[in-house]
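For reference, protein_12.txt is printed below; it contains compact mmCIF, C-alpha atoms.
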```txt
# COMPACT_ATOMS: atom_id res chain seq x y z
CA MET N 18 -11.57 7.47 -54.31
CA MET N 19 -12.08 6.85 -50.61
CA ASN N 20 -10.12 4.13 -48.89
CA PHE N 21 -12.34 1.89 -46.77
CA ASP N 22 -9.56 -0.43 -45.65
CA VAL N 23 -10.00 -1.31 -41.98
CA THR N 24 -6.99 -0.57 -39.83
CA ALA N 25 -6.30 -3.21 -37.22
CA VAL N 26 -6.89 -1.94 -33.68
CA GLU N 27 -3.98 -2.58 -31.37
CA VAL N 28 -5.19 -4.16 -28.14
CA VAL N 29 -3.47 -2.69 -25.11
CA THR N 30 -3.16 -5.30 -22.37
CA ARG N 31 -2.91 -4.47 -18.70
CA GLU N 32 0.55 -4.87 -17.23
CA PHE N 33 -0.57 -4.97 -13.61
CA VAL N 34 -3.70 -5.08 -11.50
CA ALA N 35 -3.57 -3.84 -7.91
CA VAL N 36 -5.14 -6.18 -5.36
CA ILE N 37 -6.02 -4.34 -2.14
CA LEU N 38 -7.01 -6.44 0.87
CA ALA N 39 -9.31 -4.88 3.47
CA GLY N 40 -9.87 -7.20 6.42
CA PHE N 41 -11.83 -6.93 9.65
CA GLY N 42 -9.09 -5.22 11.64
CA ASN N 43 -9.39 -7.31 14.79
CA GLU N 44 -6.28 -5.69 16.28
CA LEU N 45 -8.02 -2.30 16.01
CA HIS N 46 -10.97 -3.34 18.19
CA PRO N 47 -13.00 -1.66 19.68
CA LEU N 48 -12.74 0.96 16.90
CA THR N 49 -13.82 -1.68 14.39
CA GLY N 50 -16.65 -2.99 16.55
CA GLU N 51 -20.19 -2.56 15.28
CA HIS N 52 -22.11 0.66 15.87
CA GLY N 53 -25.49 -0.84 16.65
CA ASP N 54 -26.05 -3.22 13.74
CA VAL N 55 -23.77 -1.25 11.40
CA PRO N 56 -20.17 -2.47 10.94
CA CYS N 57 -17.25 -0.05 11.19
CA PRO N 58 -14.88 -1.21 8.41
CA LYS N 59 -11.18 -0.94 9.11
CA ALA N 60 -10.60 0.39 5.57
CA LEU N 61 -12.73 3.46 6.31
CA LEU N 62 -11.17 4.40 9.65
CA PRO N 63 -9.85 7.95 9.18
CA ILE N 64 -6.18 8.86 9.40
CA SER N 65 -5.82 12.62 9.64
CA ASN N 66 -9.45 12.89 8.51
CA LYS N 67 -8.95 10.80 5.36
CA PRO N 68 -10.22 7.20 5.13
CA MET N 69 -7.39 4.71 5.50
CA LEU N 70 -8.27 3.29 2.07
CA ASP N 71 -7.40 6.61 0.41
CA TYR N 72 -3.68 6.18 1.07
CA PRO N 73 -3.11 2.94 -0.91
CA LEU N 74 -5.56 4.08 -3.62
CA SER N 75 -3.61 7.33 -4.09
CA TRP N 76 -0.37 5.34 -4.17
CA VAL N 77 -1.75 3.09 -6.90
CA GLU N 78 -3.16 5.94 -8.95
CA GLN N 79 0.11 7.88 -8.86
CA SER N 80 1.91 4.82 -10.30
CA GLY N 81 -0.32 4.86 -13.39
CA ILE N 82 -2.15 1.62 -12.61
CA LYS N 83 -5.79 1.85 -13.69
CA ASP N 84 -7.37 -1.33 -12.30
CA VAL N 85 -7.92 -2.26 -8.67
CA LEU N 86 -9.40 -5.45 -7.25
CA LEU N 87 -10.59 -4.48 -3.77
CA ILE N 88 -11.42 -7.44 -1.52
CA CYS N 89 -13.32 -7.02 1.76
CA PRO N 90 -15.58 -9.03 4.11
CA SER N 91 -19.16 -9.39 2.89
CA SER N 92 -20.52 -7.44 5.86
CA HIS N 93 -18.36 -4.43 4.92
CA ARG N 94 -19.45 -4.24 1.29
CA PRO N 95 -22.35 -1.74 1.69
CA ALA N 96 -20.25 0.84 3.54
CA ILE N 97 -17.18 0.49 1.31
CA SER N 98 -19.26 0.45 -1.88
CA HIS N 99 -21.06 3.60 -0.77
CA TYR N 100 -17.74 5.30 -0.13
CA ILE N 101 -15.98 4.41 -3.38
CA HIS N 102 -19.05 5.53 -5.37
CA SER N 103 -19.51 8.72 -3.36
CA GLN N 104 -18.80 12.06 -4.94
CA SER N 105 -15.67 12.75 -2.91
CA SER N 106 -14.08 9.37 -3.65
CA SER N 107 -15.08 9.31 -7.34
CA ALA N 108 -13.54 12.74 -7.85
CA SER N 109 -10.33 11.76 -6.04
CA PHE N 110 -9.75 8.51 -7.95
CA SER N 111 -11.45 9.20 -11.27
CA SER N 112 -8.74 7.42 -13.28
CA VAL N 113 -8.96 4.17 -11.30
CA HIS N 114 -11.51 1.42 -11.93
CA ILE N 115 -12.32 -0.40 -8.67
CA ASP N 116 -13.74 -3.92 -8.77
CA LEU N 117 -15.16 -4.56 -5.29
CA GLN N 118 -15.35 -8.24 -4.34
CA THR N 119 -16.23 -9.90 -1.04
CA PHE N 120 -15.38 -13.07 0.82
CA ASP N 121 -17.35 -14.79 3.56
CA GLU N 122 -15.62 -15.11 6.89
CA SER N 123 -16.29 -14.27 10.50
CA GLN N 124 -14.45 -11.78 12.64
CA GLU N 125 -13.44 -14.65 14.91
CA LEU N 126 -12.12 -16.86 12.11
CA SER N 127 -10.55 -14.86 9.29
CA ALA N 128 -8.96 -16.33 6.17
CA GLY N 129 -5.23 -16.00 5.54
CA THR N 130 -3.86 -14.14 2.53
CA CYS N 131 -2.99 -17.37 0.71
CA SER N 132 -6.58 -18.61 0.98
CA VAL N 133 -7.97 -15.28 -0.25
CA LEU N 134 -5.64 -15.27 -3.28
CA ARG N 135 -6.54 -18.84 -4.19
CA HIS N 136 -10.22 -17.92 -4.04
CA PHE N 137 -9.85 -14.92 -6.37
CA ALA N 138 -7.15 -16.35 -8.66
CA ASN N 139 -9.62 -16.58 -11.55
CA ARG N 140 -10.10 -12.80 -11.43
CA ILE N 141 -6.35 -12.10 -11.64
CA LYS N 142 -5.18 -12.65 -15.22
CA GLU N 143 -1.90 -10.73 -15.15
CA ASP N 144 0.96 -9.79 -12.85
CA PHE N 145 -0.35 -8.06 -9.76
CA ILE N 146 0.55 -5.90 -6.76
CA LEU N 147 -0.78 -7.07 -3.42
CA ILE N 148 -1.35 -4.16 -1.01
CA PRO N 149 -2.93 -4.11 2.46
CA CYS N 150 -5.43 -1.30 3.00
CA ASP N 151 -3.50 -0.24 6.13
CA PHE N 152 -0.08 0.57 4.61
CA ILE N 153 0.74 4.29 4.65
CA PRO N 154 3.70 4.91 2.30
CA PRO N 155 5.85 8.04 2.43
CA PRO N 156 6.26 10.31 -0.63
CA SER N 157 9.86 9.08 -0.87
CA LEU N 158 8.64 5.55 -1.65
CA PRO N 159 6.53 5.72 -4.84
CA LEU N 160 4.95 2.47 -5.96
CA SER N 161 6.76 2.92 -9.29
CA LYS N 162 10.03 2.19 -7.43
CA LEU N 163 8.79 -1.31 -6.57
CA LEU N 164 7.35 -1.84 -10.05
CA ASN N 165 10.61 -0.86 -11.73
CA LYS N 166 12.60 -3.17 -9.44
CA PHE N 167 10.21 -6.00 -10.34
CA ARG N 168 10.45 -5.25 -14.08
CA THR N 169 14.25 -5.25 -13.96
CA ASP N 170 14.46 -8.47 -11.94
CA THR N 171 11.96 -10.40 -14.06
CA MET N 172 13.79 -9.40 -17.25
CA SER N 173 17.24 -10.29 -15.92
CA ASP N 174 16.85 -13.41 -13.80
CA GLY N 175 13.19 -14.34 -13.58
CA SER N 176 12.18 -12.96 -10.17
CA ILE N 177 8.73 -14.21 -9.19
CA VAL N 178 7.98 -11.57 -6.54
CA THR N 179 9.39 -8.29 -5.18
CA SER N 180 8.76 -7.49 -1.52
CA CYS N 181 9.13 -4.29 0.49
CA TRP N 182 10.42 -4.11 4.05
CA TYR N 183 10.65 -0.93 6.08
CA GLU N 184 12.42 0.33 9.16
CA HIS N 185 10.27 1.97 11.81
CA LYS N 186 11.44 3.92 14.82
CA LEU N 187 9.05 3.44 17.72
CA ASP N 188 7.15 6.48 18.92
CA LYS N 189 8.53 7.90 22.15
CA GLN N 190 5.02 8.12 23.59
CA THR N 191 4.11 4.62 24.68
CA THR N 192 0.60 3.22 24.86
CA PRO N 193 -0.83 1.08 27.68
CA ASP N 194 -0.48 -2.69 27.59
CA GLU N 195 -4.28 -2.96 27.44
CA TRP N 196 -4.15 -1.61 23.87
CA GLY N 197 -2.00 -4.48 22.63
CA SER N 198 1.60 -4.52 21.47
CA PRO N 199 3.07 -2.70 18.47
CA ALA N 200 4.07 -4.85 15.51
CA LYS N 201 7.32 -6.75 16.09
CA PRO N 202 10.07 -6.82 13.44
CA THR N 203 10.84 -10.08 11.63
CA PRO N 204 14.47 -11.21 11.23
CA ILE N 205 15.43 -11.40 7.55
CA VAL N 206 18.57 -11.99 5.50
CA TRP N 207 19.08 -10.34 2.12
CA ASP N 208 21.77 -9.68 -0.45
CA HIS N 209 22.06 -5.91 -0.91
CA LEU N 210 24.10 -6.20 -4.13
CA SER N 211 21.40 -8.01 -6.09
CA GLY N 212 18.44 -6.95 -3.93
CA THR N 213 17.47 -10.55 -3.15
CA LEU N 214 15.54 -11.71 -0.10
CA LEU N 215 17.27 -14.86 1.17
CA TYR N 216 15.64 -15.75 4.47
CA VAL N 217 12.48 -14.84 6.37
CA ASP N 218 12.14 -16.06 9.93
CA SER N 219 8.93 -18.03 10.43
CA PRO N 220 7.02 -18.86 13.64
CA HIS N 221 8.09 -22.49 13.18
CA GLU N 222 11.77 -21.54 13.07
CA ALA N 223 11.36 -19.14 15.98
CA VAL N 224 9.89 -21.91 18.16
CA LYS N 225 12.60 -24.37 17.11
CA ASN N 226 15.48 -21.92 17.64
CA SER N 227 14.36 -18.87 19.58
CA ASP N 228 17.89 -17.48 20.15
CA GLU N 229 19.59 -18.11 16.79
CA LEU N 230 19.00 -18.44 13.05
CA GLU N 231 19.87 -21.53 11.03
CA LEU N 232 21.28 -20.59 7.61
CA ARG N 233 22.46 -23.08 5.00
CA MET N 234 26.09 -22.95 3.90
CA THR N 235 24.93 -23.02 0.28
CA LEU N 236 23.17 -19.69 0.89
CA LEU N 237 26.21 -18.06 2.49
CA SER N 238 28.62 -19.35 -0.15
CA ARG N 239 26.44 -18.03 -2.97
CA TYR N 240 25.84 -14.68 -1.21
CA PRO N 241 28.97 -13.99 0.89
CA GLN N 242 27.98 -10.34 1.52
CA ALA N 243 24.47 -11.11 2.75
CA LYS N 244 23.07 -8.84 5.45
CA LEU N 245 21.00 -9.73 8.51
CA SER N 246 18.52 -7.43 10.24
CA SER N 247 16.06 -7.89 13.09
CA ARG N 248 14.74 -4.30 12.86
CA LEU N 249 12.65 -4.46 9.68
CA LEU N 250 8.89 -4.82 9.27
CA ASP N 251 7.07 -6.41 6.36
CA SER N 252 4.92 -3.86 4.51
CA HIS N 253 2.92 -6.77 3.06
CA VAL N 254 3.26 -5.05 -0.31
CA TYR N 255 4.29 -7.60 -2.95
CA VAL N 256 4.67 -7.21 -6.70
CA CYS N 257 3.97 -10.71 -8.05
CA LYS N 258 4.06 -12.63 -11.28
CA ARG N 259 0.82 -14.37 -12.17
CA ALA N 260 2.73 -17.67 -11.90
CA MET N 261 2.89 -17.21 -8.12
CA LEU N 262 -0.82 -18.06 -7.95
CA ASP N 263 -0.08 -21.39 -9.65
CA LEU N 264 2.43 -22.19 -6.93
CA LEU N 265 -0.09 -21.25 -4.26
CA ALA N 266 -2.62 -23.61 -5.85
CA GLN N 267 -0.15 -26.46 -5.34
CA LYS N 268 0.63 -25.52 -1.74
CA THR N 269 -2.84 -25.69 -0.21
CA ARG N 270 -1.51 -26.07 3.34
CA PHE N 271 -0.06 -22.55 3.29
CA ASP N 272 -2.24 -19.90 4.91
CA SER N 273 0.03 -16.88 5.43
CA LEU N 274 2.33 -15.41 2.79
CA ARG N 275 4.91 -14.07 5.22
CA GLU N 276 4.80 -16.90 7.76
CA ASP N 277 4.40 -19.88 5.40
CA PHE N 278 4.82 -19.17 1.70
CA PHE N 279 7.77 -16.77 1.56
CA PRO N 280 10.01 -18.71 3.99
CA TRP N 281 9.43 -21.73 1.73
CA LEU N 282 10.17 -19.70 -1.41
CA CYS N 283 13.41 -18.40 0.09
CA LYS N 284 14.65 -21.94 0.61
CA LEU N 285 13.82 -22.85 -2.99
CA GLN N 286 16.10 -20.09 -4.30
CA TYR N 287 19.26 -22.08 -3.53
CA GLN N 288 17.84 -25.60 -4.03
CA SER N 289 18.04 -26.07 -7.80
CA THR N 290 16.58 -29.57 -7.80
CA LYS N 291 13.39 -28.35 -6.16
CA GLN N 292 13.17 -25.40 -8.56
CA GLU N 293 13.14 -27.86 -11.46
CA LYS N 294 10.20 -29.64 -9.82
CA TYR N 295 8.08 -26.50 -10.00
CA ALA N 296 9.21 -25.56 -13.52
CA THR N 297 9.66 -21.89 -12.75
CA SER N 298 12.40 -19.52 -11.73
CA ILE N 299 12.22 -18.77 -8.03
CA ARG N 300 13.69 -15.53 -6.73
CA ILE N 301 12.37 -12.93 -4.31
CA GLY N 302 13.48 -9.36 -4.91
CA VAL N 303 13.54 -6.94 -2.00
CA ILE N 304 13.47 -3.19 -1.42
CA ILE N 305 14.53 -1.89 1.99
CA HIS N 306 13.06 1.45 3.09
CA ARG N 307 14.96 3.17 5.89
CA ALA N 308 13.25 5.28 8.55
CA ASP N 309 15.46 8.27 7.74
CA ASP N 310 14.06 8.28 4.19
CA GLY N 311 10.48 8.93 5.31
CA PHE N 312 7.79 7.80 7.74
CA ALA N 313 6.15 4.51 6.71
CA ILE N 314 3.78 2.45 8.82
CA ARG N 315 1.21 -0.33 8.74
CA VAL N 316 -1.82 0.78 10.72
CA ASN N 317 -2.81 -2.67 11.91
CA ASN N 318 -2.98 -2.11 15.68
CA LEU N 319 -4.08 0.61 18.09
CA PRO N 320 -0.60 2.01 18.90
CA ALA N 321 0.10 2.33 15.17
CA TYR N 322 -3.26 4.02 14.57
CA LEU N 323 -2.54 6.70 17.17
CA GLU N 324 1.01 7.17 15.86
CA ALA N 325 -0.08 7.47 12.23
CA ASN N 326 -2.55 10.19 13.10
CA ARG N 327 0.14 12.08 14.98
CA HIS N 328 2.53 11.98 12.03
CA ILE N 329 0.23 12.44 9.07
CA ILE N 330 -1.62 15.73 8.99
CA THR N 331 -2.60 16.78 5.49
CA GLU N 332 -1.85 20.46 5.06
CA ASN N 333 -5.02 21.39 3.21
CA GLU N 334 -7.15 19.87 5.97
CA ILE N 335 -5.56 21.76 8.84
CA HIS N 336 -7.75 24.52 10.17
CA GLN N 337 -5.50 27.11 11.78
CA PHE N 338 -6.90 26.51 15.25
CA VAL N 339 -3.51 25.27 16.39
CA ALA N 340 -0.50 24.36 14.28
CA ASP N 341 -0.25 20.69 15.23
CA THR N 342 -3.92 19.71 15.08
CA SER N 343 -6.25 18.68 12.27
CA ILE N 344 -9.91 19.59 12.70
CA GLY N 345 -12.55 18.20 10.34
CA ASP N 346 -15.28 20.10 8.57
CA PHE N 347 -18.38 21.28 10.47
CA THR N 348 -16.79 20.67 13.86
CA ARG N 349 -17.61 23.27 16.55
CA VAL N 350 -15.19 24.19 19.33
CA GLU N 351 -16.55 26.30 22.17
CA GLU N 352 -14.71 29.01 24.10
CA LYS N 353 -11.81 28.44 26.49
CA SER N 354 -11.09 24.95 25.12
CA THR N 355 -7.56 23.84 24.22
CA ILE N 356 -6.59 21.17 21.66
CA LYS N 357 -2.98 20.05 21.14
CA LYS N 358 -1.37 17.42 18.89
CA SER N 359 -4.72 15.88 18.01
CA THR N 360 -6.94 14.92 15.12
CA ILE N 361 -10.61 15.89 15.47
CA GLY N 362 -13.10 14.41 12.99
CA LYS N 363 -16.03 15.97 11.18
CA HIS N 364 -19.28 17.12 12.78
CA CYS N 365 -17.87 16.96 16.30
CA VAL N 366 -18.95 19.24 19.15
CA ILE N 367 -16.31 20.29 21.67
CA GLY N 368 -17.80 22.05 24.71
CA LYS N 369 -16.43 24.83 26.87
CA MET N 370 -13.23 24.54 28.91
CA VAL N 371 -12.32 21.19 27.36
CA LYS N 372 -8.67 20.02 27.28
CA ILE N 373 -7.65 17.57 24.56
CA VAL N 374 -4.00 16.45 24.20
CA GLY N 375 -2.60 13.81 21.84
CA CYS N 376 -6.00 12.34 20.90
CA VAL N 377 -7.88 11.10 17.86
CA LEU N 378 -11.61 11.76 17.75
CA LEU N 379 -13.58 10.18 14.92
CA ASP N 380 -16.63 11.84 13.38
CA HIS N 381 -19.73 12.98 15.32
CA CYS N 382 -18.14 12.88 18.79
CA VAL N 383 -19.68 15.08 21.49
CA ILE N 384 -17.39 16.26 24.28
CA SER N 385 -19.20 18.06 27.09
CA ASP N 386 -17.99 21.03 29.13
CA GLY N 387 -14.98 20.66 31.39
CA THR N 388 -13.85 17.31 29.99
CA LYS N 389 -10.16 16.28 29.91
CA LEU N 390 -8.88 13.84 27.28
CA ASP N 391 -5.25 12.68 27.14
CA GLY N 392 -3.87 10.19 24.61
CA CYS N 393 -7.30 8.75 23.72
CA ILE N 394 -8.92 7.38 20.58
CA LEU N 395 -12.69 7.89 20.49
CA GLY N 396 -14.79 5.92 18.00
CA ASN N 397 -17.57 7.43 15.87
CA SER N 398 -20.38 9.14 17.80
CA THR N 399 -18.75 8.74 21.20
CA THR N 400 -20.36 10.97 23.84
CA VAL N 401 -18.36 12.14 26.86
CA GLY N 402 -20.22 13.68 29.80
CA SER N 403 -19.27 16.90 31.52
CA LYS N 404 -16.12 17.01 33.68
CA ALA N 405 -15.22 13.44 32.74
CA GLU N 406 -11.53 12.52 32.51
CA LEU N 407 -10.19 9.89 30.10
CA THR N 408 -6.51 8.97 29.94
CA ARG N 409 -5.23 6.65 27.19
CA CYS N 410 -8.59 5.06 26.51
CA VAL N 411 -10.14 3.72 23.29
CA THR N 412 -13.91 3.66 22.78
CA GLN N 413 -16.18 1.71 20.48
CA ALA N 414 -18.46 3.70 18.18
CA GLY N 415 -21.49 5.01 20.07
CA TYR N 416 -19.95 4.62 23.53
CA GLU N 417 -21.23 6.94 26.27
CA VAL N 418 -19.09 8.19 29.15
CA LYS N 419 -21.01 9.48 32.17
CA ASP N 420 -20.62 12.89 33.78
CA ASN N 421 -17.64 13.11 36.16
CA GLU N 422 -16.46 9.61 35.21
CA SER N 423 -12.70 8.99 35.33
CA VAL N 424 -11.13 6.14 33.34
CA GLN N 425 -7.49 5.27 32.57
CA HIS N 426 -5.80 2.79 30.23
CA GLU N 427 -8.97 1.01 29.10
CA LYS N 428 -10.56 -0.30 25.90
CA LEU N 429 -14.17 0.75 26.40
CA ASP N 430 -16.62 -1.57 24.71
CA ILE N 431 -20.37 -1.07 24.31
CA SER N 432 -20.92 -4.21 26.39
CA ASP N 433 -19.29 -2.41 29.35
CA TRP N 434 -22.28 -0.12 29.79
CA ALA N 435 -25.05 -1.89 27.87
CA ALA N 436 -26.44 -3.39 31.06
CA GLN N 437 -26.46 -0.10 32.93
CA PRO N 438 -29.82 1.12 31.58
CA GLU N 439 -31.37 -2.17 32.70
CA ASP N 440 -30.00 -1.59 36.21
CA SER N 441 -31.43 1.90 36.28
CA GLU N 442 -34.80 0.54 35.15
CA GLY N 443 -34.65 -1.90 38.03
CA ASP N 444 -34.07 1.00 40.42
CA ILE N 445 -37.17 2.71 39.01
CA GLU N 446 -39.19 -0.46 39.49
CA ASP N 447 -38.04 -0.68 43.08
CA SER N 448 -39.09 2.89 43.76
CA THR N 449 -42.56 2.32 42.30
CA GLY N 450 -43.10 -0.83 44.30
CA GLU N 451 -43.59 -3.07 41.27
CA GLU N 452 -40.60 -5.24 42.16
CA GLY N 453 -41.89 -5.59 45.73
CA SER N 454 -45.31 -6.75 44.56
CA ASP N 455 -43.63 -9.50 42.54
CA GLU N 456 -41.84 -10.70 45.65
CA ASP N 457 -45.13 -10.75 47.60
CA GLU N 458 -46.62 -12.97 44.92
CA ASP N 459 -43.70 -15.37 45.21
```
Please express the file's structure as structure tokens.
Amino acid sequence: MMNFDVTAVEVVTREFVAVILAGFGNELHPLTGEHGDVPCPKALLPISNKPMLDYPLSWVEQSGIKDVLLICPSSHRPAISHYIHSQSSSASFSSVHIDLQTFDESQELSAGTCSVLRHFANRIKEDFILIPCDFIPPPSLPLSKLLNKFRTDTMSDGSIVTSCWYEHKLDKQTTPDEWGSPAKPTPIVWDHLSGTLLYVDSPHEAVKNSDELELRMTLLSRYPQAKLSSRLLDSHVYVCKRAMLDLLAQKTRFDSLREDFFPWLCKLQYQSTKQEKYATSIRIGVIIHRADDGFAIRVNNLPAYLEANRHIITENEIHQFVADTSIGDFTRVEEKSTIKKSTIGKHCVIGKMVKIVGCVLLDHCVISDGTKLDGCILGNSTTVGSKAELTRCVTQAGYEVKDNESVQHEKLDISDWAAQPEDSEGDIEDSTGEEGSDEDED
């Protein structure tokens, strides 16, 4: 006799969802400026010929997390959607389900992380990992290390969030002031025995006391072996309990997690009466990643973008043209040209007798004969005329450099040369006498 008893199906719930934030990338302008009417999303800027977004997605996939909530500006959705559904991306991240969502904001007025999380709180039903699209983790820092720290802390003493701070040694090769400043470390205090973040310096505190930190005696008495550092950078990677979103909903005045929310949370850790008010255990776990343990960086400014490309060259993408250079597919390099310590994108054309040192060229760049490039970043489809010389310059996508032009230490925007064709048309009108006839009429 056959048994038709129905066996109950065990429902497997998700432990975590990864929330990846992809903003405009204002600090990476002009690389993130529009190419005509088409936006150039920060998340798709290549680092060693791989889109920036690939690095956090790979990190998430290697940890075993299957679900990603990817949040980007509305204007970037077409390009990012096309990429994540393309054959190359689908094959690379076949085990990850990506839910692409957008928010409306302008490049001039962008929303803070707190505001974005409040807006999408209804889509986050479980504990989550918040990751910026620009964080490049080293192999020595697997995401599972942060997850395991969070699991241990939440089981033992009710940690509400685990943060990750990293040490970064500045690149010896400096960039011009016109590019903007590298990210500055934030002073923090933590207890290394328990792995607890105790204090995060905020802009308000920095203005009030620029030369010293104010720490409560209750903090120091509870954590007598606390450590202070002013050399660490916030990765903006946070493993969070779902309950953190409930706290954010109550604190509507907070806009930034690092500058507003976490300094406030740190103070709550040793103020038991206030903890009772919010009916939840407040503790911030912390993992400190040292520079000697592997290169980590947030690519959220132009100096960091150049440095990341110098450090990260994927072995299977290196064409053996030279040992320290990555050259993308379908790129043509003509005779007697030299390329050193550079990343060259796909479908580029490098002319004869060209010298390129310490540069990053995005896809579809055309470099004419006799050109010299030193320490430059060229946006998509940049064209450089013959015998031009560029030193430590950054160009917007589609920018055109004239023959024999020499430029140093500049951010070259399309608006810099957009009026030039009009001027040349005026010269033509003068030569044909049309402009003169207008003056006669006046």
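Of the listed residues N:Leu265, N:Leu164, N:Ala321, N:Leu87, the one whose atoms come nearest to N:Leu187 is N:Ala321, with distances taken using all atoms listed in the file.
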* **N:Gly42 surroundings by all atoms listed in the file, 10 Å radius, close-in-sequence under 6 positions cut, as a list in words** => Leu48, Thr49, Gly50, Cys57, Pro58, Lys59, Ala60, Gln124, Asp151, Val316, Asn317 and Asn318 of chain N
Could you save those same residues with C-alpha atoms as a PDB file, in the coordinates of the input?
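The new file out03.pdb reads:
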```
ATOM      1  CA  LEU N  48     -12.740   0.960  16.900  1.00  0.00           C
ATOM      2  CA  THR N  49     -13.820  -1.680  14.390  1.00  0.00           C
ATOM      3  CA  GLY N  50     -16.650  -2.990  16.550  1.00  0.00           C
ATOM      4  CA  CYS N  57     -17.250  -0.050  11.190  1.00  0.00           C
ATOM      5  CA  PRO N  58     -14.880  -1.210   8.410  1.00  0.00           C
ATOM      6  CA  LYS N  59     -11.180  -0.940   9.110  1.00  0.00           C
ATOM      7  CA  ALA N  60     -10.600   0.390   5.570  1.00  0.00           C
ATOM      8  CA  GLN N 124     -14.450 -11.780  12.640  1.00  0.00           C
ATOM      9  CA  ASP N 151      -3.500  -0.240   6.130  1.00  0.00           C
ATOM     10  CA  VAL N 316      -1.820   0.780  10.720  1.00  0.00           C
ATOM     11  CA  ASN N 317      -2.810  -2.670  11.910  1.00  0.00           C
ATOM     12  CA  ASN N 318      -2.980  -2.110  15.680  1.00  0.00           C
TER      13      ASN N 318
END
```
Per residue of stretch 50-164 of chain N within 7 Å of stretch 269-283 of chain N, note the shortest atom pair and the distance in Å to one decimal, counting all atoms listed in the file, and order the rows by chain and increasing residue number, as CSV.
```
residue,atom,partner,partner_atom,distance
N:Gly129,CA,N:Asp272,CA,5.0
N:Thr130,CA,N:Ser273,CA,5.6
N:Cys131,CA,N:Asp272,CA,5.0
N:Ser132,CA,N:Asp272,CA,6.0
```
* If we count all atoms listed in the file, what is near N:Trp196 at a cut-off of 12 Å, once residues fewer than 5 positions away on the same chain are taken out, given as a PyMOL selection string? -> chain N and resi 43-48+191+318-323+392-394+409-412+425-429
Starting from 6 Å padding per side, set up an axis-aligned box that covers all listed atoms of stretch 235-251 of chain N and hand over centre and edge lengths in Å, one decimal, as lines of an AutoDock Vina configuration file.
```
center_x = 18.0
center_y = -13.7
center_z = 5.1
size_x = 33.9
size_y = 30.7
size_z = 28.1
```
* Find the residue from N:Arg168, N:Arg233, N:His99, N:Lys284 that sits nearest to N:Val217; use only C-alpha atoms when measuring. => N:Lys284
